[in-house]
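Asker: Questions regarding the structure given below will be posed in turn.
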Amino acid sequence: MNVRLENMASIATFDPMSWRVIPCGLYLVFLLFCEVLLAEEKALDASAESNVEILWRGCQLCHSTIEMQRGPMIEGLPQWYLHQQLEKFSTGIRGKLSENKSEWLMGSAIKQFGDSEDWPRLAAYIANLPALKPLRTVRGNHEKGKALYAMCASCHGPMAKGNQVLGAPPLNVQEDWYLREQLMKYRSSMRGYHPQDLGGATMRAVASSLTNEQIKNIVFYLFSLQKPPKGRVPSKGQSHSRD
């Protein structure tokens, strides 16, 4: 009986304010936990950014303006297109034909640089770089090139700005020697040969009937559509003339 009375007395005199210590303590622990998570997320983001910069430096072994025999300048190309091409090389849709030496080298090199999880970040990083101003290296006839380009405009647009929905890249930001080289490779089936490369198959069909002179005229006209975007800077090296 006395024990019950003592218990009842303790309940009657209980101060509910003392129980607020527990939720306050839990709240502080929660805040500390969130702070730790944010710190880890920032560290991961910094690590990912650093990793992308390292990957880009590796890309510049070929994609720079220092060497005469080099890969194309890719700074400023749209993210979707860069990501698409990285995926094609990493899955073997491009880069498996040894006769196409530049693509074969790219297909071999991509195995050394990260994995598919890195491609979206790498593509975004390159797309945000200031595009370099290309030098004209291909000569042709402007009016003839303009007439021929009409068949290309349905996909790439009248100003060659590209169309993501159709998977057609912009042509007004790419180097003329590279565009000429790729049209010739499509014509000879050295590019666009993989059954899963539907866009490449379309380009093969378009390029199959073009002569060397017609290809030069198209590329010469495309160079006239180049409108240096904001932030574009002159290249430090020169492309090798392929005429």
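By convention in this document, the chains of the structure tokens carry letters A, B, ... by their order, each chain's residues are numbered from 1, and ligands are numbered from 1 in the order they are shown.
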Neighbours of Val219 of chain A within 8 Å (only C-alpha atoms; same-chain residues fewer than 6 positions away dropped), as a CSV table (one decimal) with N, CA and C atoms, in the first residue's frame?

Answerer:
```
chain,number,residue,atom,x,y,z
A,138,VAL,N,40.1,23.7,-95.5
A,138,VAL,CA,39.5,23.1,-96.7
A,138,VAL,C,39.0,24.2,-97.6
A,140,GLY,N,36.8,25.2,-101.2
A,140,GLY,CA,35.8,24.7,-102.1
A,140,GLY,C,35.0,25.8,-102.7
A,145,GLY,N,28.4,24.3,-102.6
A,145,GLY,CA,28.3,23.7,-101.2
A,145,GLY,C,27.0,24.0,-100.6
A,176,ASP,N,36.7,21.9,-90.2
A,176,ASP,CA,36.4,21.5,-91.5
A,176,ASP,C,37.1,20.3,-92.0
A,179,LEU,N,35.3,17.3,-90.5
A,179,LEU,CA,34.0,17.0,-91.2
A,179,LEU,C,34.3,16.4,-92.6
A,180,ARG,N,35.3,16.9,-93.3
A,180,ARG,CA,35.6,16.3,-94.6
A,180,ARG,C,36.0,14.8,-94.4
```

Asker: For Arg57 of chain A, please output as a PyMOL selection string all residues within 12 Å (counting only C-alpha atoms; exclusion window: fewer than 4 positions along the same chain).

Answerer: chain A and resi 50-53+61-64+113+122+125-126

Asker: Measure the distance from atom CA of Asn172 of chain A to atom CA of Ala127 of chain A in Å and round it to one decimal.

Answerer: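 Separation of atom CA of Asn172 of chain A and atom CA of Ala127 of chain A: 14.9 Å.
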
Asker: Excluding segment 98-105 of chain A and any residue of its chain fewer than 2 positions from it, enumerate the residues within 12 Å of it, using only C-alpha atoms, and give them as a count of residues only.

Answerer: 36

Asker: Skip segment 158-165 of chain A itself and residues of its chain fewer than 3 positions away, then list as a compact mmCIF listing (two decimals) with C-alpha atoms, in the first residue's frame all residues within 9 Å of it, counting only C-alpha atoms.

Answerer:
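To be explicit, this is the file written out as part08.txt:
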```txt
# COMPACT_ATOMS: atom_id res chain seq x y z
CA TRP A 80 24.11 14.96 -75.34
CA TYR A 81 26.29 14.40 -78.40
CA TYR A 149 23.89 21.17 -98.05
CA ALA A 150 20.13 21.52 -98.64
CA CYS A 152 21.65 17.86 -94.97
CA ALA A 153 19.59 20.72 -93.53
CA SER A 154 16.52 18.52 -92.91
CA CYS A 155 18.41 16.89 -90.02
CA ALA A 168 22.02 15.13 -85.58
CA PRO A 169 25.02 16.99 -84.11
CA PRO A 170 25.80 20.65 -84.81
CA LEU A 171 28.15 21.07 -87.75
CA ASN A 172 28.80 24.79 -87.37
CA VAL A 173 31.16 24.26 -84.43
CA LEU A 222 29.63 24.87 -93.51
CA LEU A 225 28.02 29.20 -91.03
CA GLN A 226 30.42 29.26 -88.11
```

Asker: One decimal, in Å: what's the spacing between atom CA of Leu210 of chain A and atom CA of Arg187 of chain A?

Answerer: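 Pair atom CA of Leu210 of chain A / atom CA of Arg187 of chain A returns 7.6 Å.
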
Asker: Looking at A:Asn212, A:Glu75, A:Leu55, A:Phe223, which one is nearest to Leu135 of chain A, with distances taken over only C-alpha atoms?

Answerer: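 Residue with the minimum atom-to-atom distance to Leu135 of chain A: A:Phe223.
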
Asker: Which residue, A:Trp56, A:Leu148, A:Glu175, A:Thr91, has the smallest gap to Asp118 of chain A when you use only C-alpha atoms?

Answerer: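 Between A:Trp56, A:Leu148, A:Glu175, A:Thr91, the residue approaching Asp118 of chain A most closely is A:Trp56.
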
Asker: In Å, with one decimal, what is the gap from atom CA of Ala124 of chain A to atom CA of Met203 of chain A?

Answerer: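 Computing it gives 25.7 Å between the two atoms.
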
Asker: Between A:Met106, A:Ile218, A:Ala205, A:Ile74, which one has atoms that come closest to Ala147 of chain A, using only C-alpha atoms?

Answerer: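 Residue with the minimum atom-to-atom distance to Ala147 of chain A: A:Ile218.
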